[in-house]
Amino acid sequence: MSQAAVESPIAGIGPTPIPLREIAPWAVFAGVVLLALLYLVGMDQGATSVFSGEMLHEFVHDGRHLLGFPCH
């Protein structure tokens, strides 16, 4: 008993590659947002502080410890 190889009609369909020029702006945007978040969580303290006071520091205090930033 032999089975004939039957090609599936969807065998040639696969994921379409996305061109780099369409991904690059989103990757740059995500990188800027992540760097800004990293600054606000980890380094917004002292002379380079964007916001005055301790409100931001206390708001992200546990996140600082989770990421390994010393804060006191």
# chains A, B, ... in the order shown; residues from 1 in each chain; ligands from 1
$ residues_around --residues "A:Ser49" --least-positions-apart "5" --cutoff "10 Å" --atoms "only C-alpha atoms" --output "list in words"
Tyr39, Leu40, Met43, Asp44 and Leu56 of chain A
$ residues_around --residues "stretch 59-70 of chain A" --least-positions-apart "2" --cutoff "8 Å" --atoms "only C-alpha atoms" --output "MDAnalysis selection string"
chainID A and resid 41:42 55:57 72
$ atom_distance --atom1 "atom CA of A:Val33" --atom2 "atom CA of A:Phe51"
17.4 Å
$ atom_distance --atom1 "atom CA of A:Pro17" --atom2 "atom CA of A:Leu34"
25.4 Å
